[in-house]
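S.K.: Quick one: structure below, then a few questions.
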Amino acid sequence: MASVASSSFLFLLLLLGLSSIMAKKTYIVHMKHHDKPSVYPTARDWYSANLQSLSSSSDSDSLLYSYTSAYNGFAASLDASQVDALRRSDSVLGVYEDTVYTLHTTRTPEFLGLETQSGTSQGHNTLALEQASHDVIIGILDTGVWPESKSFDDTGMPEIPSRWRGECESGPDFNQSLCNKKLIGARSFSRGFHMASGGSYMRKEQEAVSPRDRDGHGTHTASTAAGSPVPNASLLGYARGTARGMAPQARVAAYKVCWSTGCFASDILAGMDRAIQDGVDVLSLSLGGGSAPYYRDTIAIGAFAAMERGIFVSCSAGNSGPSKASVANVAPWIMTVGAGTLDRDFPAYVSLGSNKRFNGVSLYSGKGMGDRPVSLVYNRGSNSSTSMCMPGSLDPSVVRGKVVICDRGINARVEKGEVVRDAGGVGMILANTAASGEELVADSHLLPALEVGRKVGDEIREYVRTDPNPTAILSFGGTVLNVTPSPVVAAFSSRGPNLVTPQILKPDVIGPGVNILAGWSEAIGPSGLSQDSRKTNFNIMSGTSMSCPHISGLAGLLKAAHPDWSPSAIKSALMTTAHTRDNTNSPLRDAADGGFSTPMAHGAGHVNPQKAISPGLVYDASASDYIAFLCSLRYSPQQIQLIAKRPNVTCSRKFSDPGQLNYPSFSVVFGSKRAVRYTRTLTNVGEAGSVYDVAATGPSSLVGMTVKPTKLVFKKVGERQRYTVTFVSKKGADSSIRSEFGSIVWSNDKYQVASPVAFAWTELD
């Protein structure tokens with residue numbers, strides 16, 4: 001059988017060599033690993049020896065990557081006829097064109113209750129916990145790292161864990177000696193990017209192949225997750241204080257998979273593959289793409305392999321909110337993280353000639369405008385590019401010496417200020433539209449500028465329209481703490497429902513993701529614009545890219561506290577202890593419209609690490625549970641094999657409904673059914689002899705909820721108990737009803753184990 005497979009594969013590769021003159025693209029080829037002929041010592045030998053030996057000399061670099069841990073297969077530069085030939089092979093499970101993913105772009109430890117003090121947190125000494133996290137390794141897949149940042153100082157750190165198999169790769173601008181006991185690994189993966197850029201990965205490229213961060217995003221996320229404490233940190237004076245990561249004693253390994261044109265699936269997969277082999281404990285990916293079946297989702301496939309090896313995977317939910325069904329990275333074995341605000345703000349003010357004064361936000365740090373009113377202009381004509389201050393859209397004769405109102409949207413917020421400045425404007429009011437609502441994101445502008453919400457923006461626009469001589473003065477208020485209410489769900493944070501599996505509620509949680517101070521690359525100014533010559537060691541950024549590494553770092557702390565916990569148990573602890581009230585004890589609000597938020601936006605709620613360290617009970621799930629889940633999606637054995645990398649998946653065990661997975665939240669989709677019944681299993685990680693009572697809440701006029709039993713008794717630590725909950729849609733409830741919400745909470749005097757419940761009557765509610 002092996003010789004037949006070998007012969008057929010050799011014949012296919014011979015065909016591949018005949019079509020080198022045709023246009024080539026990068027493809028990821030998923031192989032039936034168990035078909036590998038024994039004559040080849042390794043899978044790479046099987047892929048590369050045959051492929052390269054049968055290629056012409058000019059085609060010798062066709063094989064880009066050989067994957068072993070995250071994926072069974074390889075990435076190669078292929079033309080259409082080669083792809084067709086591979087797809088006809090019995091040894092090939094699938095051939096998929098490379099896709100591009102995008103990046104989802106201080107005071108947080110204190111806001112989350114993690115400041116190191118002489119206290120304990122739910123029975124865990126905080127200092128002892130941070131010391132234990134010396135053995136935790138957090139892998140960051142991003143734009144690389146700026147190793148000279150003080151956030152990666154290794155003073156006082158013990159020797160690198162002996163199990164670590166990673167390394168620091170050298171490059172034209174990166175020396176191996178730049179790594180240390182804090183930054184213990186740095187690698188780069190660029191072959192997919194280079195092939196997509198029209199070159200060969202073997203030829204010299206303009207963008208240096210090294211782990212060095214020329215963008216800033218990767219340094220920001222890495223230092224957020226596990227940056228060392230840096231006193232007196234700030235962005236040009238804003239947010240001054242001690243900057244530290246969530247797990248400041250954990251180790252960092254940087255995997256550069258994102259380049260100037262994006263993050264290519266082939267490179268991401270190579271980074272995940274290597275990180276798994278290197279020995280990371282947590283993988284953090286602040287990037288994503290659109291929704292796709294799990295067997296076509298590169299990150300989901302790599303994350304499954306990581307989960308099987310006990311690695312916790314945290315991903316950003318995306319910045320496409322407040323649109324419904326916009327959430328990314330929705331596989332249930334991934335922690336999907338939305339974004340909320342902090343209790344810190346950067347106020348700025350606009351005073352109009354009408355004697356009205358409005359509040360906004362800004363991180364502008366240059367010379368102010370003074371106290372003299374300046375003419376105010378708003379170019380709202382038939383051409384919306386002018387009102388949005390798109391490049392080249394402003395007439396210098398109209399805006400010179402004036403403050404310009406720019407509508408938010410389309411191009412970058414800081415770029416609008418650059419456009420105004422280049423046209424001779426002296427200031428900018430960035431005014432939200434209906435799409436961005438009342439959400440305010442502070443930016444490090446190149447000229448005096450601030451952002452205001454939609455309502456204020458409309459008032460200022462109307463003032464300019466009706467006043468014959470409109471004027472404005474802009475002023476800046478520095479840093480303000482203890483802002484209420486907070487947290488508030490960010491309007492940009494992507495929302496459910498989950499398009500791939502509506503029965504799994506996503507996002508899972510929210511974390512701090514607005515105006516976050518963290519380490520930065522000195523290769524680029526804080527605005528990210530090429531004309532920005534300012535240099536700073538720290539920057540303030542917003543996005544689910546920022547909230548994701550918060551949760552990655554917290555997962556590292558939980559891993560240190562509970563080394564034997566599975567990734568699912570860690571996820572459960574973070575979800576069931578999350579809070580759904582802000583610092584005024586009001587339900588969480590949504591910045592999109594100012595109203596109350598829902599689990600479609602905030603999932604289980606805002607993370608509460610102090611409680612997550614000791615959650616009482618957890619909802620655990622194994623790889624076999626996830627396979628039973630995949631079987632319930634009616635995927636073919638071949639499609640499941642793409643994800644689970646097992647040759648003989650029979651689906652002899654499968655759930656009757658995907659929502660039957662032992663997940664810490666519920667998403668009930670009635671569809672044509674009147675009743676939905678789910679069974680969950682809780683594992684006692686608290687004390688022996690624990691007793692819990694249940695409280696179920698929901699829209700009682702629409703849904704009946706019955707939980708059996710209503711009391712759970714755990715005699716031992718580690719004991720498991722099951723319960724069943726039945727949801728019945730009452731008469732009168734129909735498909736015209738929008739989503740409704742409830743909760744199931746198991747509690748005693750010490751613990752509250754809470755699960756959100758979302759109800760929908762059609763799959764897109």
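As shown in the structure tokens, the chain order sets the letters A, B, ...; within each chain, residues go from 1, and ligands are also counted from 1 in the order they appear.
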Residues at most 9 Å from Gly368 (chain A), counting only C-alpha atoms, excluding those fewer than 4 positions away in the same chain, as an MDAnalysis selection string?

M.R.: chainID A and resid 364 447:448 474:476

S.K.: As a PDB file with all heavy atoms, in the first residue's frame, please: the residues near region 296-298 of chain A (cut-off 10 Å, only C-alpha atoms, same-chain neighbours under 3 positions excluded).

M.R.:
```pdb
ATOM      1  N   ILE A  28      -1.764  25.971   0.738  1.00  0.00           N
ATOM      2  CA  ILE A  28      -1.510  25.080   1.866  1.00  0.00           C
ATOM      3  C   ILE A  28      -2.099  23.724   1.517  1.00  0.00           C
ATOM      4  O   ILE A  28      -3.283  23.619   1.190  1.00  0.00           O
ATOM      5  CB  ILE A  28      -2.132  25.635   3.160  1.00  0.00           C
ATOM      6  CG1 ILE A  28      -1.493  26.991   3.498  1.00  0.00           C
ATOM      7  CG2 ILE A  28      -1.929  24.661   4.317  1.00  0.00           C
ATOM      8  CD1 ILE A  28      -2.143  27.699   4.672  1.00  0.00           C
ATOM      9  N   ALA A  70       1.170  21.609  14.108  1.00  0.00           N
ATOM     10  CA  ALA A  70      -0.122  22.275  13.998  1.00  0.00           C
ATOM     11  C   ALA A  70      -0.942  21.731  12.839  1.00  0.00           C
ATOM     12  O   ALA A  70      -2.160  21.925  12.786  1.00  0.00           O
ATOM     13  CB  ALA A  70       0.081  23.780  13.828  1.00  0.00           C
ATOM     14  N   TYR A  71      -0.296  21.019  11.916  1.00  0.00           N
ATOM     15  CA  TYR A  71      -0.944  20.688  10.644  1.00  0.00           C
ATOM     16  C   TYR A  71      -0.155  19.550  10.015  1.00  0.00           C
ATOM     17  O   TYR A  71       1.070  19.486  10.164  1.00  0.00           O
ATOM     18  CB  TYR A  71      -0.864  21.939   9.760  1.00  0.00           C
ATOM     19  CG  TYR A  71      -1.871  22.075   8.645  1.00  0.00           C
ATOM     20  CD1 TYR A  71      -3.121  22.619   8.888  1.00  0.00           C
ATOM     21  CD2 TYR A  71      -1.546  21.718   7.342  1.00  0.00           C
ATOM     22  CE1 TYR A  71      -4.036  22.812   7.863  1.00  0.00           C
ATOM     23  CE2 TYR A  71      -2.448  21.899   6.306  1.00  0.00           C
ATOM     24  CZ  TYR A  71      -3.692  22.449   6.569  1.00  0.00           C
ATOM     25  OH  TYR A  71      -4.594  22.632   5.553  1.00  0.00           O
ATOM     26  N   GLY A  94      -6.717  18.038   1.193  1.00  0.00           N
ATOM     27  CA  GLY A  94      -7.234  19.306   0.684  1.00  0.00           C
ATOM     28  C   GLY A  94      -6.110  20.223   0.263  1.00  0.00           C
ATOM     29  O   GLY A  94      -4.978  20.116   0.747  1.00  0.00           O
ATOM     30  N   TYR A  96      -5.636  24.433  -0.292  1.00  0.00           N
ATOM     31  CA  TYR A  96      -6.322  25.698  -0.061  1.00  0.00           C
ATOM     32  C   TYR A  96      -5.397  26.869  -0.340  1.00  0.00           C
ATOM     33  O   TYR A  96      -4.237  26.882   0.084  1.00  0.00           O
ATOM     34  CB  TYR A  96      -6.818  25.785   1.385  1.00  0.00           C
ATOM     35  CG  TYR A  96      -7.685  24.612   1.766  1.00  0.00           C
ATOM     36  CD1 TYR A  96      -7.217  23.626   2.636  1.00  0.00           C
ATOM     37  CD2 TYR A  96      -8.964  24.474   1.235  1.00  0.00           C
ATOM     38  CE1 TYR A  96      -8.009  22.541   2.978  1.00  0.00           C
ATOM     39  CE2 TYR A  96      -9.762  23.392   1.566  1.00  0.00           C
ATOM     40  CZ  TYR A  96      -9.282  22.428   2.442  1.00  0.00           C
ATOM     41  OH  TYR A  96     -10.078  21.348   2.763  1.00  0.00           O
ATOM     42  N   ASP A  98      -3.624  30.354  -0.013  1.00  0.00           N
ATOM     43  CA  ASP A  98      -3.216  31.143   1.152  1.00  0.00           C
ATOM     44  C   ASP A  98      -4.153  32.339   1.312  1.00  0.00           C
ATOM     45  O   ASP A  98      -4.570  32.956   0.333  1.00  0.00           O
ATOM     46  CB  ASP A  98      -1.779  31.648   0.946  1.00  0.00           C
ATOM     47  CG  ASP A  98      -1.050  31.895   2.255  1.00  0.00           C
ATOM     48  OD1 ASP A  98      -1.642  31.670   3.314  1.00  0.00           O
ATOM     49  OD2 ASP A  98       0.129  32.299   2.190  1.00  0.00           O
ATOM     50  N   THR A  99      -4.508  32.646   2.546  1.00  0.00           N
ATOM     51  CA  THR A  99      -5.387  33.779   2.834  1.00  0.00           C
ATOM     52  C   THR A  99      -4.660  34.777   3.722  1.00  0.00           C
ATOM     53  O   THR A  99      -3.664  34.447   4.367  1.00  0.00           O
ATOM     54  CB  THR A  99      -6.678  33.323   3.537  1.00  0.00           C
ATOM     55  OG1 THR A  99      -6.328  32.537   4.695  1.00  0.00           O
ATOM     56  CG2 THR A  99      -7.528  32.484   2.606  1.00  0.00           C
ATOM     57  N   TYR A 101      -4.826  37.397   6.898  1.00  0.00           N
ATOM     58  CA  TYR A 101      -5.486  37.827   8.122  1.00  0.00           C
ATOM     59  C   TYR A 101      -4.989  39.227   8.468  1.00  0.00           C
ATOM     60  O   TYR A 101      -3.914  39.644   8.023  1.00  0.00           O
ATOM     61  CB  TYR A 101      -5.166  36.872   9.276  1.00  0.00           C
ATOM     62  CG  TYR A 101      -5.788  35.504   9.134  1.00  0.00           C
ATOM     63  CD1 TYR A 101      -5.280  34.563   8.240  1.00  0.00           C
ATOM     64  CD2 TYR A 101      -6.882  35.130   9.900  1.00  0.00           C
ATOM     65  CE1 TYR A 101      -5.843  33.303   8.116  1.00  0.00           C
ATOM     66  CE2 TYR A 101      -7.451  33.870   9.797  1.00  0.00           C
ATOM     67  CZ  TYR A 101      -6.927  32.960   8.898  1.00  0.00           C
ATOM     68  OH  TYR A 101      -7.491  31.724   8.780  1.00  0.00           O
ATOM     69  N   PHE A 264      -0.160  36.295   6.625  1.00  0.00           N
ATOM     70  CA  PHE A 264      -0.567  35.239   5.697  1.00  0.00           C
ATOM     71  C   PHE A 264      -0.728  33.905   6.426  1.00  0.00           C
ATOM     72  O   PHE A 264       0.064  33.560   7.299  1.00  0.00           O
ATOM     73  CB  PHE A 264       0.439  35.137   4.549  1.00  0.00           C
ATOM     74  CG  PHE A 264       0.360  36.306   3.605  1.00  0.00           C
ATOM     75  CD1 PHE A 264       1.021  37.481   3.898  1.00  0.00           C
ATOM     76  CD2 PHE A 264      -0.428  36.243   2.471  1.00  0.00           C
ATOM     77  CE1 PHE A 264       0.923  38.585   3.065  1.00  0.00           C
ATOM     78  CE2 PHE A 264      -0.537  37.334   1.619  1.00  0.00           C
ATOM     79  CZ  PHE A 264       0.137  38.510   1.914  1.00  0.00           C
ATOM     80  N   ALA A 265      -1.787  33.193   6.039  1.00  0.00           N
ATOM     81  CA  ALA A 265      -2.126  31.949   6.727  1.00  0.00           C
ATOM     82  C   ALA A 265      -0.949  30.983   6.759  1.00  0.00           C
ATOM     83  O   ALA A 265      -0.719  30.314   7.774  1.00  0.00           O
ATOM     84  CB  ALA A 265      -3.338  31.302   6.050  1.00  0.00           C
ATOM     85  N   SER A 266      -0.206  30.902   5.662  1.00  0.00           N
ATOM     86  CA  SER A 266       0.928  29.965   5.617  1.00  0.00           C
ATOM     87  C   SER A 266       1.980  30.336   6.652  1.00  0.00           C
ATOM     88  O   SER A 266       2.592  29.457   7.276  1.00  0.00           O
ATOM     89  CB  SER A 266       1.548  29.948   4.214  1.00  0.00           C
ATOM     90  OG  SER A 266       1.934  31.254   3.815  1.00  0.00           O
ATOM     91  N   ILE A 268       1.336  32.209   9.475  1.00  0.00           N
ATOM     92  CA  ILE A 268       0.721  32.015  10.793  1.00  0.00           C
ATOM     93  C   ILE A 268       0.818  30.552  11.204  1.00  0.00           C
ATOM     94  O   ILE A 268       1.185  30.224  12.335  1.00  0.00           O
ATOM     95  CB  ILE A 268      -0.750  32.458  10.774  1.00  0.00           C
ATOM     96  CG1 ILE A 268      -0.859  33.966  10.531  1.00  0.00           C
ATOM     97  CG2 ILE A 268      -1.450  32.078  12.074  1.00  0.00           C
ATOM     98  CD1 ILE A 268      -2.279  34.435  10.252  1.00  0.00           C
ATOM     99  N   LEU A 269       0.486  29.671  10.277  1.00  0.00           N
ATOM    100  CA  LEU A 269       0.520  28.239  10.571  1.00  0.00           C
ATOM    101  C   LEU A 269       1.937  27.782  10.909  1.00  0.00           C
ATOM    102  O   LEU A 269       2.148  26.977  11.825  1.00  0.00           O
ATOM    103  CB  LEU A 269      -0.027  27.459   9.377  1.00  0.00           C
ATOM    104  CG  LEU A 269      -0.491  26.035   9.623  1.00  0.00           C
ATOM    105  CD1 LEU A 269      -1.520  25.968  10.735  1.00  0.00           C
ATOM    106  CD2 LEU A 269      -1.083  25.461   8.333  1.00  0.00           C
ATOM    107  N   MET A 272       2.630  28.973  14.474  1.00  0.00           N
ATOM    108  CA  MET A 272       1.948  28.131  15.467  1.00  0.00           C
ATOM    109  C   MET A 272       2.634  26.774  15.566  1.00  0.00           C
ATOM    110  O   MET A 272       2.823  26.228  16.655  1.00  0.00           O
ATOM    111  CB  MET A 272       0.472  27.965  15.092  1.00  0.00           C
ATOM    112  CG  MET A 272      -0.326  29.254  15.110  1.00  0.00           C
ATOM    113  SD  MET A 272      -2.075  29.032  14.709  1.00  0.00           S
ATOM    114  CE  MET A 272      -2.726  28.571  16.320  1.00  0.00           C
ATOM    115  N   GLY A 288      -7.024  38.188  12.863  1.00  0.00           N
ATOM    116  CA  GLY A 288      -8.111  37.314  12.432  1.00  0.00           C
ATOM    117  C   GLY A 288      -8.597  37.669  11.045  1.00  0.00           C
ATOM    118  O   GLY A 288      -8.131  38.624  10.415  1.00  0.00           O
ATOM    119  N   GLY A 289      -9.556  36.883  10.584  1.00  0.00           N
ATOM    120  CA  GLY A 289     -10.165  37.108   9.283  1.00  0.00           C
ATOM    121  C   GLY A 289     -11.667  36.957   9.381  1.00  0.00           C
ATOM    122  O   GLY A 289     -12.257  37.146  10.443  1.00  0.00           O
ATOM    123  N   GLY A 290     -12.292  36.583   8.286  1.00  0.00           N
ATOM    124  CA  GLY A 290     -13.735  36.392   8.294  1.00  0.00           C
ATOM    125  C   GLY A 290     -14.114  35.026   8.824  1.00  0.00           C
ATOM    126  O   GLY A 290     -13.276  34.228   9.224  1.00  0.00           O
ATOM    127  N   SER A 291     -15.429  34.757   8.823  1.00  0.00           N
ATOM    128  CA  SER A 291     -15.918  33.462   9.296  1.00  0.00           C
ATOM    129  C   SER A 291     -15.747  32.410   8.205  1.00  0.00           C
ATOM    130  O   SER A 291     -15.948  32.681   7.025  1.00  0.00           O
ATOM    131  CB  SER A 291     -17.403  33.567   9.669  1.00  0.00           C
ATOM    132  OG  SER A 291     -17.568  34.384  10.802  1.00  0.00           O
ATOM    133  N   ALA A 292     -15.378  31.217   8.624  1.00  0.00           N
ATOM    134  CA  ALA A 292     -15.221  30.098   7.702  1.00  0.00           C
ATOM    135  C   ALA A 292     -15.438  28.813   8.482  1.00  0.00           C
ATOM    136  O   ALA A 292     -15.252  28.783   9.712  1.00  0.00           O
ATOM    137  CB  ALA A 292     -13.814  30.101   7.076  1.00  0.00           C
ATOM    138  N   PRO A 293     -15.847  27.738   7.814  1.00  0.00           N
ATOM    139  CA  PRO A 293     -15.938  26.451   8.520  1.00  0.00           C
ATOM    140  C   PRO A 293     -14.603  26.140   9.192  1.00  0.00           C
ATOM    141  O   PRO A 293     -13.540  26.525   8.699  1.00  0.00           O
ATOM    142  CB  PRO A 293     -16.242  25.455   7.401  1.00  0.00           C
ATOM    143  CG  PRO A 293     -16.833  26.271   6.307  1.00  0.00           C
ATOM    144  CD  PRO A 293     -16.182  27.616   6.382  1.00  0.00           C
ATOM    145  N   ILE A 301      -7.499  25.483  13.169  1.00  0.00           N
ATOM    146  CA  ILE A 301      -6.804  24.200  13.009  1.00  0.00           C
ATOM    147  C   ILE A 301      -5.527  24.171  13.856  1.00  0.00           C
ATOM    148  O   ILE A 301      -5.251  23.214  14.580  1.00  0.00           O
ATOM    149  CB  ILE A 301      -6.485  23.936  11.525  1.00  0.00           C
ATOM    150  CG1 ILE A 301      -7.789  23.723  10.739  1.00  0.00           C
ATOM    151  CG2 ILE A 301      -5.563  22.731  11.364  1.00  0.00           C
ATOM    152  CD1 ILE A 301      -7.614  23.670   9.233  1.00  0.00           C
ATOM    153  N   GLY A 302      -4.740  25.250  13.779  1.00  0.00           N
ATOM    154  CA  GLY A 302      -3.526  25.309  14.591  1.00  0.00           C
ATOM    155  C   GLY A 302      -3.837  25.320  16.072  1.00  0.00           C
ATOM    156  O   GLY A 302      -3.146  24.692  16.877  1.00  0.00           O
ATOM    157  N   ALA A 303      -4.917  26.008  16.454  1.00  0.00           N
ATOM    158  CA  ALA A 303      -5.302  26.093  17.862  1.00  0.00           C
ATOM    159  C   ALA A 303      -5.765  24.748  18.399  1.00  0.00           C
ATOM    160  O   ALA A 303      -5.570  24.446  19.581  1.00  0.00           O
ATOM    161  CB  ALA A 303      -6.402  27.139  18.041  1.00  0.00           C
ATOM    162  N   ASN A 329     -12.688  34.301  14.955  1.00  0.00           N
ATOM    163  CA  ASN A 329     -11.997  33.334  15.834  1.00  0.00           C
ATOM    164  C   ASN A 329     -12.970  32.658  16.797  1.00  0.00           C
ATOM    165  O   ASN A 329     -12.808  32.702  18.020  1.00  0.00           O
ATOM    166  CB  ASN A 329     -10.871  34.037  16.606  1.00  0.00           C
ATOM    167  CG  ASN A 329      -9.794  34.588  15.705  1.00  0.00           C
ATOM    168  OD1 ASN A 329      -9.376  33.929  14.756  1.00  0.00           O
ATOM    169  ND2 ASN A 329      -9.347  35.804  15.964  1.00  0.00           N
ATOM    170  N   VAL A 330     -13.983  32.003  16.227  1.00  0.00           N
ATOM    171  CA  VAL A 330     -15.110  31.512  17.030  1.00  0.00           C
ATOM    172  C   VAL A 330     -15.032  30.037  17.412  1.00  0.00           C
ATOM    173  O   VAL A 330     -15.955  29.520  18.032  1.00  0.00           O
ATOM    174  CB  VAL A 330     -16.446  31.774  16.292  1.00  0.00           C
ATOM    175  CG1 VAL A 330     -16.686  33.263  16.138  1.00  0.00           C
ATOM    176  CG2 VAL A 330     -16.478  31.068  14.927  1.00  0.00           C
ATOM    177  N   ALA A 331     -13.961  29.336  17.073  1.00  0.00           N
ATOM    178  CA  ALA A 331     -13.866  27.917  17.444  1.00  0.00           C
ATOM    179  C   ALA A 331     -13.973  27.782  18.965  1.00  0.00           C
ATOM    180  O   ALA A 331     -13.390  28.571  19.716  1.00  0.00           O
ATOM    181  CB  ALA A 331     -12.547  27.325  16.963  1.00  0.00           C
ATOM    182  N   GLN A 639     -13.114  16.097   6.545  1.00  0.00           N
ATOM    183  CA  GLN A 639     -13.081  17.463   7.060  1.00  0.00           C
ATOM    184  C   GLN A 639     -12.677  17.491   8.527  1.00  0.00           C
ATOM    185  O   GLN A 639     -11.912  18.359   8.951  1.00  0.00           O
ATOM    186  CB  GLN A 639     -14.450  18.117   6.855  1.00  0.00           C
ATOM    187  CG  GLN A 639     -14.753  18.409   5.387  1.00  0.00           C
ATOM    188  CD  GLN A 639     -16.208  18.776   5.148  1.00  0.00           C
ATOM    189  OE1 GLN A 639     -17.094  18.439   5.945  1.00  0.00           O
ATOM    190  NE2 GLN A 639     -16.475  19.461   4.051  1.00  0.00           N
ATOM    191  N   LEU A 642      -9.008  17.054   8.892  1.00  0.00           N
ATOM    192  CA  LEU A 642      -8.250  18.277   8.651  1.00  0.00           C
ATOM    193  C   LEU A 642      -7.987  19.028   9.950  1.00  0.00           C
ATOM    194  O   LEU A 642      -6.941  19.640  10.134  1.00  0.00           O
ATOM    195  CB  LEU A 642      -9.024  19.191   7.695  1.00  0.00           C
ATOM    196  CG  LEU A 642      -9.064  18.801   6.215  1.00  0.00           C
ATOM    197  CD1 LEU A 642     -10.090  19.634   5.476  1.00  0.00           C
ATOM    198  CD2 LEU A 642      -7.690  18.973   5.577  1.00  0.00           C
ATOM    199  N   ILE A 643      -8.956  18.964  10.868  1.00  0.00           N
ATOM    200  CA  ILE A 643      -8.844  19.693  12.133  1.00  0.00           C
ATOM    201  C   ILE A 643      -8.145  18.856  13.197  1.00  0.00           C
ATOM    202  O   ILE A 643      -7.208  19.312  13.851  1.00  0.00           O
ATOM    203  CB  ILE A 643     -10.241  20.104  12.638  1.00  0.00           C
ATOM    204  CG1 ILE A 643     -10.970  20.925  11.574  1.00  0.00           C
ATOM    205  CG2 ILE A 643     -10.147  20.870  13.960  1.00  0.00           C
ATOM    206  CD1 ILE A 643     -12.468  21.027  11.798  1.00  0.00           C
TER     207      ILE A 643
END
```

S.K.: Find the spatial neighbours of Gly605 (chain A), counting only C-alpha atoms, within a cut-off of 6 Å - ignore same-chain residues fewer than 5 positions away - and output them as an mmCIF file with N, CA and C atoms, in the first residue's frame.

M.R.:
```cif
data_model
loop_
_atom_site.group_PDB
_atom_site.id
_atom_site.type_symbol
_atom_site.label_atom_id
_atom_site.label_comp_id
_atom_site.auth_asym_id
_atom_site.auth_seq_id
_atom_site.Cartn_x
_atom_site.Cartn_y
_atom_site.Cartn_z
ATOM 1 N N VAL A 509 -15.474 36.558 26.503
ATOM 2 C CA VAL A 509 -15.366 37.590 27.541
ATOM 3 C C VAL A 509 -14.916 38.884 26.879
ATOM 4 N N ALA A 578 -16.477 36.078 35.490
ATOM 5 C CA ALA A 578 -16.494 37.419 34.896
ATOM 6 C C ALA A 578 -17.654 38.228 35.481
ATOM 7 N N HIS A 579 -17.463 39.547 35.539
ATOM 8 C CA HIS A 579 -18.527 40.376 36.105
ATOM 9 C C HIS A 579 -19.307 41.093 35.002
ATOM 10 N N THR A 580 -20.578 41.314 35.243
ATOM 11 C CA THR A 580 -21.458 41.935 34.254
ATOM 12 C C THR A 580 -21.985 43.285 34.750
#
```

S.K.: Quick one: everything within 12 Å of Ser701 (chain A), counting only C-alpha atoms, minus sequence neighbours fewer than 6 positions away in the same chain. Send it as an NGL selection string.

M.R.: :A and (728-733 or 740)

S.K.: Can you check which residues of region 223-341 of chain A DSSP gives as strand (DSSP E) on the backbone and send them as a VMD selection string?

M.R.: chain A and resid 230 to 235 238 to 243 251 to 256 258 to 259 262 to 264 282 to 285 287 to 288 312 to 316 335 to 340

S.K.: In terms of the shortest atom-to-atom distance over only C-alpha atoms, which of A:Ser197, A:Thr577, A:Thr336, A:Ser62 is closest to Val313 (chain A)?

M.R.: A:Thr336

S.K.: If we count only C-alpha atoms and set the cut-off at 7 Å, which residues sit around Gly245 (chain A), ignoring sequence neighbours fewer than 4 positions away in its own chain? Please answer as a PyMOL selection string.

M.R.: chain A and resi 223-228

S.K.: Nearest to Asp345 (chain A): which of A:Ala254, A:Leu661, A:Leu517, A:Ala688 is it, counting only C-alpha atoms?

M.R.: A:Leu517
